[in-house]
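Coordinates as given in protein.tsv (TSV, C-alpha atoms):
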```
chain	number	residue	atom	x	y	z
U	1	VAL	CA	36.98	-19.57	18.71
U	2	GLN	CA	39.44	-20.36	15.92
U	3	LEU	CA	36.62	-21.56	13.67
U	4	LYS	CA	34.69	-18.35	14.31
U	5	LYS	CA	37.74	-16.33	13.28
U	6	PHE	CA	38.18	-18.50	10.21
U	7	VAL	CA	34.56	-18.02	9.06
U	8	ASP	CA	34.68	-14.30	9.83
U	9	THR	CA	37.93	-13.86	7.84
U	10	SER	CA	36.54	-15.95	4.99
U	11	ILE	CA	33.51	-13.65	4.71
U	12	LEU	CA	35.81	-10.62	4.54
U	13	VAL	CA	37.93	-12.32	1.86
U	14	ALA	CA	34.80	-13.07	-0.17
U	15	ALA	CA	33.70	-9.46	0.09
U	16	ALA	CA	37.11	-8.35	-1.16
U	17	ALA	CA	36.81	-10.82	-4.05
U	18	ARG	CA	33.49	-9.26	-5.06
U	19	GLU	CA	35.07	-5.81	-5.02
U	20	ALA	CA	37.96	-7.09	-7.11
U	21	GLY	CA	35.61	-8.51	-9.73
U	22	ILE	CA	36.49	-12.18	-9.18
U	23	ASN	CA	33.99	-14.31	-11.11
U	24	PHE	CA	30.93	-15.73	-9.36
U	25	ASP	CA	31.93	-19.39	-9.66
U	26	ASP	CA	35.28	-18.82	-7.95
U	27	GLN	CA	33.64	-16.80	-5.18
U	28	MET	CA	31.00	-19.46	-4.58
U	29	SER	CA	33.46	-22.37	-4.63
U	30	TYR	CA	35.46	-20.61	-1.92
U	31	LEU	CA	32.40	-19.97	0.28
U	32	THR	CA	31.17	-23.53	-0.29
U	33	ALA	CA	34.47	-24.90	0.96
U	34	VAL	CA	34.13	-22.75	4.08
U	35	GLU	CA	30.57	-24.03	4.59
U	36	GLN	CA	31.61	-27.69	4.21
U	37	TYR	CA	34.34	-27.24	6.79
U	38	ALA	CA	32.25	-25.26	9.30
U	39	GLU	CA	28.90	-27.08	9.22
U	40	PRO	CA	29.94	-30.31	11.01
U	41	VAL	CA	31.86	-28.32	13.62
U	42	LEU	CA	28.79	-26.19	14.30
U	43	ALA	CA	26.60	-29.30	14.56
U	44	SER	CA	29.02	-30.86	17.04
U	45	ALA	CA	29.24	-27.66	19.06
U	46	GLN	CA	25.46	-27.44	19.38
U	47	GLU	CA	25.48	-30.84	21.11
U	48	CYS	CA	27.98	-29.69	23.76
U	49	GLU	CA	26.56	-26.48	25.23
U	50	ASP	CA	27.36	-27.40	28.82
U	51	ASP	CA	28.66	-24.10	30.21
U	52	ASP	CA	28.17	-20.36	29.74
U	53	GLU	CA	31.51	-19.78	28.03
U	54	ARG	CA	30.90	-22.54	25.48
U	55	GLN	CA	27.37	-21.20	24.93
U	56	MET	CA	28.74	-17.73	24.16
U	57	THR	CA	31.29	-19.18	21.73
U	58	ASN	CA	28.63	-21.23	19.97
U	59	ASP	CA	26.33	-18.21	19.73
U	60	ASP	CA	29.13	-16.27	18.04
U	61	LEU	CA	29.72	-19.16	15.64
U	62	ARG	CA	26.03	-19.37	14.76
U	63	SER	CA	26.05	-15.65	14.05
U	64	GLU	CA	29.00	-16.09	11.69
U	65	MET	CA	27.27	-18.98	9.93
U	66	VAL	CA	24.16	-16.85	9.42
U	67	GLU	CA	26.36	-14.19	7.82
U	68	LEU	CA	28.06	-16.81	5.67
U	69	TYR	CA	24.73	-18.12	4.35
U	70	ASN	CA	23.49	-14.59	3.73
U	71	ASN	CA	26.63	-13.83	1.73
U	72	MET	CA	26.13	-17.00	-0.31
U	73	GLY	CA	22.49	-16.08	-0.89
U	74	VAL	CA	23.35	-12.57	-2.03
U	75	LEU	CA	25.99	-13.95	-4.39
U	76	GLU	CA	23.47	-16.34	-5.98
U	77	LYS	CA	20.90	-13.57	-6.21
U	78	LYS	CA	23.37	-11.30	-8.01
U	79	ARG	CA	24.04	-13.90	-10.66
U	80	GLY	CA	20.32	-14.59	-11.10
U	81	SER	CA	20.12	-17.99	-9.39
U	82	LEU	CA	17.10	-17.14	-7.25
U	83	LEU	CA	16.22	-20.69	-6.22
U	84	GLU	CA	19.74	-21.23	-4.94
U	85	ALA	CA	19.67	-17.85	-3.23
U	86	MET	CA	16.44	-18.75	-1.41
U	87	LYS	CA	18.04	-22.00	-0.22
U	88	PHE	CA	20.83	-20.11	1.53
U	89	PHE	CA	18.54	-17.49	3.07
U	90	ARG	CA	16.38	-20.32	4.45
U	91	LYS	CA	19.52	-21.93	5.92
U	92	ALA	CA	20.31	-18.64	7.67
U	93	LEU	CA	16.76	-18.55	9.06
U	94	ASP	CA	17.05	-22.14	10.26
U	95	ILE	CA	19.82	-20.92	12.55
U	96	ASN	CA	18.27	-17.56	13.45
U	97	PRO	CA	14.57	-17.26	12.52
U	98	THR	CA	14.59	-13.50	13.24
U	99	ASP	CA	17.65	-12.56	11.16
U	100	GLY	CA	16.67	-9.33	9.43
U	101	HIS	CA	18.97	-9.68	6.42
U	102	ALA	CA	17.71	-13.16	5.50
U	103	LEU	CA	14.07	-12.22	6.03
U	104	VAL	CA	14.33	-9.10	3.89
U	105	GLN	CA	16.19	-10.90	1.12
U	106	LEU	CA	13.71	-13.78	1.12
U	107	ALA	CA	10.79	-11.33	0.99
U	108	SER	CA	12.35	-9.62	-2.03
U	109	ILE	CA	12.60	-12.72	-4.23
U	110	SER	CA	10.34	-15.51	-3.02
U	111	SER	CA	6.80	-16.28	-4.12
U	112	HIS	CA	6.90	-19.75	-2.58
U	113	GLU	CA	3.85	-20.57	-0.46
U	114	GLU	CA	5.90	-21.84	2.48
U	115	ASP	CA	8.03	-18.68	2.49
U	116	GLY	CA	4.83	-16.67	2.33
U	117	ARG	CA	3.68	-18.30	5.57
U	118	ILE	CA	7.04	-17.56	7.19
U	119	LEU	CA	7.00	-13.93	6.09
U	120	SER	CA	3.38	-13.39	7.11
U	121	GLU	CA	4.37	-14.29	10.67
U	122	VAL	CA	7.23	-11.78	10.84
U	123	LYS	CA	6.22	-8.98	13.20
U	124	GLU	CA	9.53	-7.20	13.65
U	125	LEU	CA	13.07	-6.99	12.31
U	126	ASP	CA	16.19	-7.53	14.38
U	127	PRO	CA	17.22	-4.06	15.67
U	128	GLY	CA	20.85	-4.87	14.90
U	129	TYR	CA	19.96	-5.38	11.24
U	130	VAL	CA	18.09	-2.06	11.07
U	131	ALA	CA	20.93	-0.22	12.83
U	132	GLY	CA	23.50	-1.68	10.44
U	133	LEU	CA	21.34	-0.84	7.43
U	134	PHE	CA	21.19	2.84	8.32
U	135	ASP	CA	24.75	3.06	9.58
U	136	GLY	CA	25.79	2.08	6.06
U	137	TYR	CA	23.27	4.42	4.46
U	138	SER	CA	23.87	7.49	6.63
U	139	SER	CA	26.45	9.32	4.50
U	140	ARG	CA	24.19	9.39	1.44
U	141	PHE	CA	20.82	9.22	3.19
U	142	GLU	CA	19.44	12.64	2.32
U	143	SER	CA	20.95	12.92	-1.15
U	144	GLU	CA	19.44	9.60	-2.24
U	145	LEU	CA	16.21	9.63	-0.26
U	146	VAL	CA	15.14	13.22	-0.91
U	147	ASP	CA	16.87	14.14	-4.16
U	148	VAL	CA	16.67	10.81	-6.00
U	149	LEU	CA	13.71	8.99	-4.46
U	150	LYS	CA	11.68	12.17	-3.86
U	151	TYR	CA	10.91	11.24	-0.29
U	152	VAL	CA	8.38	13.55	1.44
U	153	GLY	CA	7.36	11.56	4.51
U	154	HIS	CA	8.77	14.15	6.92
U	155	GLU	CA	6.77	16.90	5.22
U	156	LEU	CA	3.59	14.82	5.32
U	157	VAL	CA	3.94	14.17	9.04
U	158	TYR	CA	4.72	17.79	9.85
U	159	ASN	CA	1.84	19.18	7.78
U	160	SER	CA	-0.61	16.69	9.27
U	161	LEU	CA	0.61	17.54	12.76
U	162	ARG	CA	0.16	21.27	12.25
U	163	ASP	CA	-3.32	20.74	10.81
U	164	ALA	CA	-4.21	18.80	13.95
U	165	LEU	CA	-2.94	21.46	16.36
U	166	PRO	CA	-5.50	24.18	17.09
U	167	ASN	CA	-2.94	26.00	19.21
U	168	ALA	CA	0.64	25.08	18.40
U	169	THR	CA	2.05	27.36	21.13
U	170	SER	CA	0.64	24.98	23.73
U	171	ILE	CA	3.12	22.31	22.59
U	172	HIS	CA	6.34	22.14	24.61
U	173	THR	CA	7.82	18.64	24.22
U	174	ILE	CA	8.01	16.47	21.10
U	175	ILE	CA	9.72	13.10	20.73
U	176	ASP	CA	11.05	12.23	17.26
U	177	LEU	CA	11.32	8.45	16.93
U	178	GLY	CA	13.80	7.18	14.34
U	179	CYS	CA	14.91	10.76	13.78
U	180	GLY	CA	17.50	9.84	11.14
U	181	THR	CA	19.50	12.85	10.01
U	182	GLY	CA	16.90	15.26	11.40
U	183	LEU	CA	14.70	16.09	8.41
U	184	LEU	CA	11.47	16.14	10.40
U	185	GLY	CA	13.12	17.67	13.45
U	186	GLU	CA	14.36	20.61	11.37
U	187	LEU	CA	10.86	21.37	10.08
U	188	ILE	CA	9.49	21.40	13.61
U	189	ALA	CA	12.39	23.41	15.06
U	190	THR	CA	12.16	26.02	12.31
U	191	GLU	CA	8.43	26.60	12.57
U	192	MET	CA	8.02	25.90	16.31
U	193	PRO	CA	11.26	27.19	17.88
U	194	TRP	CA	9.88	27.11	21.43
U	195	VAL	CA	9.51	23.30	21.39
U	196	ALA	CA	12.07	20.93	22.97
U	197	ILE	CA	12.62	18.08	20.53
U	198	HIS	CA	14.09	14.80	21.75
U	199	GLY	CA	15.25	12.41	19.05
U	200	THR	CA	16.37	8.82	18.98
U	201	ASP	CA	17.67	6.42	16.34
U	202	LEU	CA	19.01	2.87	16.29
U	203	SER	CA	21.85	3.98	14.02
U	204	GLN	CA	24.68	5.64	15.91
U	205	ARG	CA	25.85	7.35	12.73
U	206	MET	CA	22.40	8.87	12.25
U	207	VAL	CA	22.51	10.05	15.87
U	208	ASP	CA	25.86	11.73	15.27
U	209	ILE	CA	24.53	13.54	12.18
U	210	SER	CA	21.32	14.72	13.82
U	211	LEU	CA	23.21	15.99	16.86
U	212	GLU	CA	25.13	18.31	14.54
U	213	ARG	CA	22.03	19.57	12.70
U	214	LYS	CA	21.54	23.28	13.28
U	215	ILE	CA	19.22	26.01	12.00
U	216	GLY	CA	19.15	29.80	11.82
U	217	SER	CA	21.91	32.34	11.64
U	218	GLY	CA	22.91	31.59	15.21
U	219	GLY	CA	23.31	27.91	14.55
U	220	ARG	CA	20.71	26.68	17.03
U	221	SER	CA	20.64	22.92	17.50
U	222	VAL	CA	17.53	21.21	16.16
U	223	TYR	CA	17.40	18.67	19.00
U	224	SER	CA	17.60	19.13	22.75
U	225	THR	CA	18.81	15.52	23.05
U	226	VAL	CA	19.41	12.62	20.67
U	227	SER	CA	19.73	9.06	21.96
U	228	ASN	CA	20.88	5.76	20.47
U	229	LEU	CA	17.87	3.79	21.75
U	230	ASP	CA	14.91	2.02	20.24
U	231	ALA	CA	11.55	3.78	20.29
U	232	SER	CA	10.09	2.10	23.36
U	233	GLU	CA	13.30	2.51	25.36
U	234	LEU	CA	13.44	6.24	24.77
U	235	LEU	CA	9.77	6.73	25.58
U	236	SER	CA	10.17	4.81	28.84
U	237	ASN	CA	12.74	7.40	30.00
U	238	PHE	CA	10.09	10.15	30.13
U	239	ASP	CA	7.68	10.78	32.98
U	240	GLU	CA	4.07	9.82	32.55
U	241	ALA	CA	1.90	12.48	30.90
U	242	SER	CA	4.95	14.67	30.13
U	243	VAL	CA	5.06	14.57	26.31
U	244	ASP	CA	2.80	16.61	24.01
U	245	CYS	CA	3.51	14.87	20.70
U	246	VAL	CA	5.36	11.87	19.31
U	247	VAL	CA	6.36	11.82	15.63
U	248	ALA	CA	7.77	9.01	13.49
U	249	SER	CA	8.45	9.55	9.80
U	250	ASP	CA	9.20	6.33	7.86
U	251	VAL	CA	9.86	4.51	11.13
U	252	PHE	CA	6.96	2.14	11.73
U	253	ILE	CA	7.76	0.53	8.38
U	254	TYR	CA	10.91	-0.85	10.06
U	255	ILE	CA	9.34	-1.55	13.46
U	256	GLY	CA	6.49	-3.71	12.19
U	257	ASP	CA	4.21	-4.44	15.14
U	258	ILE	CA	3.56	-1.02	16.71
U	259	SER	CA	1.64	-2.30	19.75
U	260	ASN	CA	4.47	-1.78	22.25
U	261	VAL	CA	5.31	1.67	20.92
U	262	LEU	CA	1.69	2.77	21.20
U	263	ASP	CA	1.54	1.39	24.74
U	264	GLU	CA	4.53	3.54	25.72
U	265	CYS	CA	3.08	6.56	23.93
U	266	MET	CA	-0.15	6.15	25.88
U	267	LYS	CA	1.79	6.34	29.16
U	268	ARG	CA	3.96	9.33	28.25
U	269	LEU	CA	1.53	11.53	26.31
U	270	VAL	CA	-0.53	14.22	27.98
U	271	GLU	CA	-4.31	14.06	27.72
U	272	ASP	CA	-5.30	14.60	24.07
U	273	GLY	CA	-1.63	14.17	23.09
U	274	LEU	CA	-0.83	13.32	19.47
U	275	ILE	CA	1.18	10.76	17.51
U	276	GLY	CA	2.04	11.61	13.89
U	277	PHE	CA	3.55	8.97	11.60
U	278	THR	CA	3.64	7.46	8.13
U	279	VAL	CA	2.80	3.93	7.06
U	280	GLU	CA	3.34	2.13	3.77
U	281	SER	CA	0.18	0.75	2.18
U	282	TYR	CA	-0.49	-2.73	0.88
U	283	GLU	CA	-3.54	-4.80	0.06
U	284	PRO	CA	-4.07	-7.40	2.80
U	285	THR	CA	-5.61	-10.79	2.13
U	286	ASP	CA	-8.37	-12.30	4.21
U	287	ALA	CA	-5.80	-14.55	5.87
U	288	ASP	CA	-3.29	-11.98	7.13
U	289	SER	CA	-3.35	-9.58	10.05
U	290	GLY	CA	-2.91	-6.33	8.16
U	291	LEU	CA	0.82	-6.28	8.91
U	292	ARG	CA	3.26	-7.79	6.42
U	293	LEU	CA	6.93	-7.70	5.48
U	294	LEU	CA	6.89	-6.52	1.87
U	295	PRO	CA	9.31	-7.29	-1.00
U	296	SER	CA	10.83	-3.85	-0.39
U	297	GLY	CA	12.13	-5.09	2.97
U	298	ARG	CA	9.78	-2.70	4.78
U	299	PHE	CA	6.57	-3.47	6.62
U	300	GLY	CA	3.20	-2.62	5.17
U	301	HIS	CA	0.34	-1.67	7.51
U	302	SER	CA	-3.25	-1.79	6.34
U	303	LYS	CA	-5.70	0.93	7.30
U	304	GLU	CA	-7.78	-1.63	9.17
U	305	TYR	CA	-4.73	-2.74	11.18
U	306	VAL	CA	-3.87	0.81	12.26
U	307	TYR	CA	-7.44	1.62	13.27
U	308	ARG	CA	-7.74	-1.65	15.20
U	309	ILE	CA	-4.43	-1.32	17.08
U	310	ALA	CA	-5.06	2.36	17.84
U	311	GLU	CA	-8.48	1.66	19.31
U	312	LYS	CA	-7.16	-1.18	21.48
U	313	ARG	CA	-4.41	1.08	22.84
U	314	GLY	CA	-6.71	3.97	23.75
U	315	PHE	CA	-6.26	6.23	20.72
U	316	HIS	CA	-8.61	7.41	18.03
U	317	VAL	CA	-7.57	8.21	14.48
U	318	LEU	CA	-7.78	11.97	14.15
U	319	SER	CA	-6.71	12.01	10.50
U	320	TRP	CA	-5.65	9.62	7.75
U	321	LYS	CA	-4.28	11.17	4.57
U	322	ASP	CA	-3.39	8.87	1.68
U	323	ALA	CA	-0.24	10.05	-0.07
U	324	VAL	CA	2.79	9.08	-2.14
U	325	LEU	CA	5.72	8.69	0.25
U	326	ARG	CA	8.57	8.29	-2.26
U	327	GLN	CA	9.63	6.71	-5.52
U	328	GLN	CA	11.09	3.24	-5.90
U	329	SER	CA	12.25	1.75	-9.19
U	330	GLY	CA	10.44	4.59	-10.96
U	331	LYS	CA	7.10	3.85	-9.29
U	332	ASN	CA	5.14	5.61	-6.56
U	333	VAL	CA	5.32	4.09	-3.09
U	334	LYS	CA	1.88	4.70	-1.64
U	335	GLY	CA	1.15	5.16	2.02
U	336	ALA	CA	-0.50	7.50	4.45
U	337	ALA	CA	0.23	10.19	7.01
U	338	VAL	CA	-1.67	9.39	10.20
U	339	ILE	CA	-2.46	11.35	13.35
U	340	LEU	CA	-3.63	9.51	16.46
U	341	GLN	CA	-4.97	11.30	19.52
U	342	LYS	CA	-4.94	9.95	23.05
U	343	LYS	CA	-8.47	9.65	24.28
U	344	GLY	CA	-9.31	11.93	27.18
```
Output the file's structure in the form of structure tokens.
Amino acid sequence: VQLKKFVDTSILVAAAAREAGINFDDQMSYLTAVEQYAEPVLASAQECEDDDERQMTNDDLRSEMVELYNNMGVLEKKRGSLLEAMKFFRKALDINPTDGHALVQLASISSHEEDGRILSEVKELDPGYVAGLFDGYSSRFESELVDVLKYVGHELVYNSLRDALPNATSIHTIIDLGCGTGLLGELIATEMPWVAIHGTDLSQRMVDISLERKIGSGGRSVYSTVSNLDASELLSNFDEASVDCVVASDVFIYIGDISNVLDECMKRLVEDGLIGFTVESYEPTDADSGLRLLPSGRFGHSKEYVYRIAEKRGFHVLSWKDAVLRQQSGKNVKGAAVILQKKG
């Protein structure tokens, strides 16, 4: 327990040193000393996991060590030592192969063949990593995403959904997965005020913001409910064949493998019910599955992958519209707005 507190405090001290502008060498020498002290203790602890309490303590310590290695990797990356940075991110993954931070950082800088094999096998990111990412991003989410990066994913999903609805007044219940601050929900609530919209997001701060989102002179709430659950968990709370549409703008790019989500959608959607979502494009190789963690830290889904998974889960692709989703580093991020329909 004391070692865990020591590592945790050391990480906080290192973060403060970065903010204070302490030079890289001094920061790294401090973190290296922490690593040299903690590593043998962790190794010894892993050999003595003989009760539940000790197991919990060791799990906490491993988590702190993963964070330590990620901090060391980020520090090396910032000073341009990419090979050293990759070494630390790999150490983090040796302890926790699903750690989202290490996977995303490794994807952003590595062209090594072995790392490529590791990354090609990543099918999802740790929900805790995604929640933390957007908790930290929530206060500036819309100003950066919409105003700076020219994000239009919510508009693409909404327009595709309306094009697919011959009679929008027949729609009564929509679930907004990864609702964020409520950009897509507001479009739906404004144009389809009779619809009950139920949102969910992994980020509690995003949930808090979307709960406060209101429209019209009377200040009507955009959402009927907003939950802090993952996509499949929220869907499982609804009765079978009780949902007209499910929407997910810029969400599947953080989920990765969408098989489970589509399975839940199939159960909850009414006959001919719709799913509207965006995906980020990439060019798959012959060797990969059509799903890949990209250097951006987001998942890319090939057109072939989406068609294949949709067909296996009982959907057909009603529309696929190639589009630019946003800007990144001054370049277009290409993707598509997709509508799936549950087969009758």
What are the closest atom pairs, with distances in Å to one decimal, for each residue of segment 153-216 of chain U lying within 8 Å of segment 222-231 of chain U, using all atoms listed in the file, rows by chain and rising residue number, as a tab-separated table?
```
residue	atom	partner	partner_atom	distance
U:Leu177	CA	U:Ala231	CA	5.8
U:Gly178	CA	U:Ala231	CA	7.2
U:Gly182	CA	U:Val222	CA	7.6
U:Gly185	CA	U:Val222	CA	6.3
U:Glu186	CA	U:Val222	CA	5.8
U:Ala189	CA	U:Val222	CA	5.7
U:Ala196	CA	U:Ser224	CA	5.8
U:Ile197	CA	U:Tyr223	CA	5.1
U:His198	CA	U:Thr225	CA	4.9
U:Gly199	CA	U:Val226	CA	4.5
U:Thr200	CA	U:Ser227	CA	4.5
U:Asp201	CA	U:Asn228	CA	5.3
U:Leu202	CA	U:Asn228	CA	5.4
U:Ser203	CA	U:Asn228	CA	6.8
U:Gln204	CA	U:Asn228	CA	5.9
U:Val207	CA	U:Val226	CA	6.3
U:Ser210	CA	U:Val226	CA	7.4
U:Leu211	CA	U:Val226	CA	6.3
U:Arg213	CA	U:Val222	CA	5.9
U:Lys214	CA	U:Val222	CA	5.4
U:Ile215	CA	U:Val222	CA	6.6
```
For this session: Mind checking which residues fall within 8 Å of Lys303 of chain U, counting all atoms listed in the file, ignoring those fewer than 2 positions away in the same chain, and posting them as a PyMOL selection string?
Result: chain U and resi 281+290+301+305-307
Selected residues written out with C-alpha atoms, as a PDB file, keeping the file's coordinate frame:
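Wrote it out as again.pdb, contents follow:
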```pdb
ATOM      1  CA  SER U 281       0.180   0.750   2.180  1.00  0.00           C
ATOM      2  CA  GLY U 290      -2.910  -6.330   8.160  1.00  0.00           C
ATOM      3  CA  HIS U 301       0.340  -1.670   7.510  1.00  0.00           C
ATOM      4  CA  TYR U 305      -4.730  -2.740  11.180  1.00  0.00           C
ATOM      5  CA  VAL U 306      -3.870   0.810  12.260  1.00  0.00           C
ATOM      6  CA  TYR U 307      -7.440   1.620  13.270  1.00  0.00           C
TER       7      TYR U 307
END
```
Exercise. With all atoms listed in the file as the atoms that count, which of U:Asp288, U:Glu233, U:Glu124, U:Glu144 lies nearest to Asp257 of chain U?
Worked result: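 Smallest distance to Asp257 of chain U is found for U:Glu124.
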For this session: Kindly provide, as an NGL selection string, the polymer residues lying within 8 Å of (-5.2, 19.2, 7.9), counting all atoms listed in the file and using the coordinates exactly as they appear in the file.
Result: :U and (159-164 or 319)
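With all atoms listed in the file as the atoms that count, the minimum distance from Glu311 of chain U to the choices U:Val333, U:Ile118, U:Met192, U:Leu262 is reached by U:Leu262.
Using all atoms listed in the file, the residues found no farther than 8 Å from Phe88 of chain U, other than those of its own chain fewer than 6 positions away, are Tyr69, Asn70, Met72 and Gly73 of chain U.
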Exercise. What is the distance between atom CA of Ile188 of chain U and atom CA of Asp322 of chain U, in Å to one decimal?
Worked result: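 One can read the atom CA of Ile188 of chain U to atom CA of Asp322 of chain U distance as 21.6 Å.
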